[in-house]
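The file input-v6.pdb contains PDB, C-alpha atoms:
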```
ATOM      1  CA  MET A   1      35.593 -26.153 -10.636
ATOM      2  CA  ARG A   2      33.763 -23.975  -8.150
ATOM      3  CA  VAL A   3      30.935 -21.695  -9.218
ATOM      4  CA  GLN A   4      30.592 -18.482  -7.282
ATOM      5  CA  ASN A   5      27.132 -17.276  -6.358
ATOM      6  CA  SER A   6      26.680 -13.708  -7.572
ATOM      7  CA  GLN A   7      23.064 -13.462  -6.444
ATOM      8  CA  PRO A   8      23.529 -10.926  -3.601
ATOM      9  CA  ALA A   9      25.406  -8.494  -5.841
ATOM     10  CA  ASP A  10      22.849  -8.980  -8.618
ATOM     11  CA  ARG A  11      19.996  -8.490  -6.175
ATOM     12  CA  HIS A  12      21.559  -5.281  -4.852
ATOM     13  CA  GLN A  13      22.081  -4.006  -8.401
ATOM     14  CA  ASP A  14      18.468  -4.899  -9.220
ATOM     15  CA  VAL A  15      17.195  -2.748  -6.311
ATOM     16  CA  ASP A  16      19.481   0.068  -7.477
ATOM     17  CA  ASN A  17      18.171  -0.126 -11.049
ATOM     18  CA  ARG A  18      14.552  -0.414  -9.965
ATOM     19  CA  MET A  19      14.949   2.635  -7.717
ATOM     20  CA  ARG A  20      16.397   4.622 -10.610
ATOM     21  CA  ALA A  21      13.393   3.649 -12.762
ATOM     22  CA  LEU A  22      11.021   4.571  -9.952
ATOM     23  CA  LEU A  23      12.575   8.033  -9.517
ATOM     24  CA  ARG A  24      12.526   8.560 -13.268
ATOM     25  CA  ASP A  25       8.890   7.538 -13.621
ATOM     26  CA  VAL A  26       7.394   9.154 -10.514
ATOM     27  CA  LEU A  27       9.371  12.387 -10.563
ATOM     28  CA  GLY A  28       9.644  12.681 -14.331
ATOM     29  CA  LEU A  29      13.437  12.903 -14.210
ATOM     30  CA  PRO A  30      15.497  12.374 -17.368
ATOM     31  CA  GLN A  31      17.167   8.980 -17.681
ATOM     32  CA  GLY A  32      20.611  10.583 -17.848
ATOM     33  CA  GLN A  33      20.047  12.307 -14.534
ATOM     34  CA  VAL A  34      19.026   9.140 -12.694
ATOM     35  CA  ASP A  35      21.847   7.183 -14.347
ATOM     36  CA  ALA A  36      24.302   9.701 -12.866
ATOM     37  CA  PHE A  37      23.076   9.186  -9.286
ATOM     38  CA  ASP A  38      25.533   7.578  -6.917
ATOM     39  CA  GLY A  39      25.132   6.721  -3.252
ATOM     40  CA  ASN A  40      25.916  10.277  -2.175
ATOM     41  CA  SER A  41      23.655  12.067  -4.648
ATOM     42  CA  PRO A  42      21.350  14.347  -2.662
ATOM     43  CA  LEU A  43      17.624  13.954  -3.220
ATOM     44  CA  PHE A  44      15.223  15.762  -0.877
ATOM     45  CA  GLY A  45      16.044  19.450  -0.933
ATOM     46  CA  ALA A  46      18.214  19.078  -4.034
ATOM     47  CA  LEU A  47      15.566  17.955  -6.516
ATOM     48  CA  PRO A  48      12.750  20.456  -6.986
ATOM     49  CA  GLU A  49      10.566  17.576  -8.206
ATOM     50  CA  LEU A  50      10.893  15.815  -4.832
ATOM     51  CA  ASP A  51       8.514  17.666  -2.536
ATOM     52  CA  SER A  52       6.264  16.306   0.211
ATOM     53  CA  MET A  53       3.560  15.277  -2.268
ATOM     54  CA  ALA A  54       6.119  13.457  -4.402
ATOM     55  CA  VAL A  55       7.371  11.591  -1.305
ATOM     56  CA  ALA A  56       3.875  10.158  -0.820
ATOM     57  CA  GLY A  57       3.804   9.072  -4.462
ATOM     58  CA  LEU A  58       7.255   7.513  -4.208
ATOM     59  CA  LEU A  59       6.305   5.543  -1.119
ATOM     60  CA  THR A  60       3.152   4.214  -2.762
ATOM     61  CA  GLU A  61       5.020   3.263  -5.899
ATOM     62  CA  MET A  62       7.804   1.625  -3.841
ATOM     63  CA  GLU A  63       5.198  -0.545  -2.135
ATOM     64  CA  ASP A  64       3.835  -1.621  -5.512
ATOM     65  CA  ARG A  65       7.110  -2.174  -7.336
ATOM     66  CA  PHE A  66       9.028  -3.800  -4.492
ATOM     67  CA  ASP A  67       6.007  -5.654  -3.066
ATOM     68  CA  ILE A  68       6.592  -4.237   0.423
ATOM     69  CA  LEU A  69       4.501  -2.494   3.046
ATOM     70  CA  ILE A  70       5.733   0.843   4.387
ATOM     71  CA  ASP A  71       4.285   2.223   7.599
ATOM     72  CA  ASP A  72       4.595   5.879   8.574
ATOM     73  CA  GLU A  73       7.029   5.019  11.354
ATOM     74  CA  ASP A  74       9.299   3.086   8.954
ATOM     75  CA  PHE A  75      10.883   6.192   7.432
ATOM     76  CA  ASP A  76      12.016   9.676   8.350
ATOM     77  CA  GLY A  77      13.652  12.633   6.651
ATOM     78  CA  ASP A  78      16.966  10.813   6.395
ATOM     79  CA  THR A  79      15.393   8.145   4.173
ATOM     80  CA  PHE A  80      15.167  10.577   1.257
ATOM     81  CA  GLU A  81      18.401  12.448   1.972
ATOM     82  CA  THR A  82      20.499  10.688  -0.679
ATOM     83  CA  PHE A  83      20.054   8.110  -3.395
ATOM     84  CA  GLY A  84      22.102   5.710  -1.263
ATOM     85  CA  SER A  85      19.886   6.149   1.796
ATOM     86  CA  LEU A  86      16.766   5.539  -0.292
ATOM     87  CA  VAL A  87      18.221   2.391  -1.858
ATOM     88  CA  ALA A  88      19.365   1.155   1.573
ATOM     89  CA  PHE A  89      15.845   1.693   2.914
ATOM     90  CA  ALA A  90      14.365  -0.344   0.046
ATOM     91  CA  ARG A  91      16.915  -3.139   0.508
ATOM     92  CA  ALA A  92      16.155  -3.299   4.245
ATOM     93  CA  LYS A  93      12.408  -3.487   3.598
ATOM     94  CA  ILE A  94      12.834  -6.222   0.989
ATOM     95  CA  GLY A  95      14.970  -8.232   3.368
TER      96      GLY A  95
END
```

Render the structure in this file as structure tokens.
Amino acid sequence: MRVQNSQPADRHQDVDNRMRALLRDVLGLPQGQVDAFDGNSPLFGALPELDSMAVAGLLTEMEDRFDILIDDEDFDGDTFETFGSLVAFARAKIG
């Protein structure tokens, strides 16, 4: 019998779930709203809670929760365009 390793999928789902919790906590979004996000859900410009000050808070909280370091040149406006782009950024930083 061969056991399949599901770790990459689980790890990707973990980043997804942790990002949902981060958006909920930092932006004060309802759980139902963050649960409904998919990869194409727009963020910056679509969520009134996500302004330039909130971006700074999100980045700081991402560093803490994901144990990563984010430099100013690591991200741009596209990073916060959609939920999928934000999750992809976090996954890339985690490695």

_Answer key for the PyMOL selection byres ((chain A and resi 49-61) around 8), residues as a ChimeraX atom specification_ = /A:22-23,26-28,43-45,47-48,62-65,70

_Just to confirm, what's the straight-line distance from atom CA of Leu86 of chain A to atom CA of Met19 of chain A in Å (one decimal)?_
8.2 Å

*Pairwise distance for atom CA of Val34 of chain A and atom CA of Asp14 of chain A, rounded to one decimal in Å*: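 Result for atom CA of Val34 of chain A versus atom CA of Asp14 of chain A: 14.5 Å, one decimal.
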
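For Lys93 of chain A, the set of protein, DNA and RNA residues having any atom at most 10 Å away, when counting only C-alpha atoms and skipping those fewer than 2 positions along the same chain, is Glu63, Phe66, Asp67, Ile68, Leu69, Ile70, Asp74, Val87, Ala88, Phe89, Ala90, Arg91 and Gly95 of chain A.
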
Taking (20.9, 5.4, -1.1) in the file's own coordinates, collect the residues within 12 Å, counting only C-alpha atoms, and hand them back as a PDB file with C-alpha atoms, keeping the file's coordinate frame.
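And here's point_19.pdb as it stands now:
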```pdb
ATOM      1  CA  HIS A  12      21.559  -5.281  -4.852  1.00  0.00           C
ATOM      2  CA  GLN A  13      22.081  -4.006  -8.401  1.00  0.00           C
ATOM      3  CA  VAL A  15      17.195  -2.748  -6.311  1.00  0.00           C
ATOM      4  CA  ASP A  16      19.481   0.068  -7.477  1.00  0.00           C
ATOM      5  CA  ASN A  17      18.171  -0.126 -11.049  1.00  0.00           C
ATOM      6  CA  MET A  19      14.949   2.635  -7.717  1.00  0.00           C
ATOM      7  CA  ARG A  20      16.397   4.622 -10.610  1.00  0.00           C
ATOM      8  CA  PHE A  37      23.076   9.186  -9.286  1.00  0.00           C
ATOM      9  CA  ASP A  38      25.533   7.578  -6.917  1.00  0.00           C
ATOM     10  CA  GLY A  39      25.132   6.721  -3.252  1.00  0.00           C
ATOM     11  CA  ASN A  40      25.916  10.277  -2.175  1.00  0.00           C
ATOM     12  CA  SER A  41      23.655  12.067  -4.648  1.00  0.00           C
ATOM     13  CA  PRO A  42      21.350  14.347  -2.662  1.00  0.00           C
ATOM     14  CA  LEU A  43      17.624  13.954  -3.220  1.00  0.00           C
ATOM     15  CA  PHE A  44      15.223  15.762  -0.877  1.00  0.00           C
ATOM     16  CA  ASP A  78      16.966  10.813   6.395  1.00  0.00           C
ATOM     17  CA  THR A  79      15.393   8.145   4.173  1.00  0.00           C
ATOM     18  CA  PHE A  80      15.167  10.577   1.257  1.00  0.00           C
ATOM     19  CA  GLU A  81      18.401  12.448   1.972  1.00  0.00           C
ATOM     20  CA  THR A  82      20.499  10.688  -0.679  1.00  0.00           C
ATOM     21  CA  PHE A  83      20.054   8.110  -3.395  1.00  0.00           C
ATOM     22  CA  GLY A  84      22.102   5.710  -1.263  1.00  0.00           C
ATOM     23  CA  SER A  85      19.886   6.149   1.796  1.00  0.00           C
ATOM     24  CA  LEU A  86      16.766   5.539  -0.292  1.00  0.00           C
ATOM     25  CA  VAL A  87      18.221   2.391  -1.858  1.00  0.00           C
ATOM     26  CA  ALA A  88      19.365   1.155   1.573  1.00  0.00           C
ATOM     27  CA  PHE A  89      15.845   1.693   2.914  1.00  0.00           C
ATOM     28  CA  ALA A  90      14.365  -0.344   0.046  1.00  0.00           C
ATOM     29  CA  ARG A  91      16.915  -3.139   0.508  1.00  0.00           C
ATOM     30  CA  ALA A  92      16.155  -3.299   4.245  1.00  0.00           C
TER      31      ALA A  92
END
```

Exercise on segment 34-51 of chain A, axis-aligned box with 5 Å per side, report centre and edge lengths in Å to one decimal, as JSON:
```
{"center_x": 17.2, "center_y": 13.6, "center_z": -7.6, "size_x": 27.4, "size_y": 23.7, "size_z": 23.5}
```

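Separating atom CA of Ala46 of chain A from atom CA of Arg18 of chain A is a distance of 20.7 Å.
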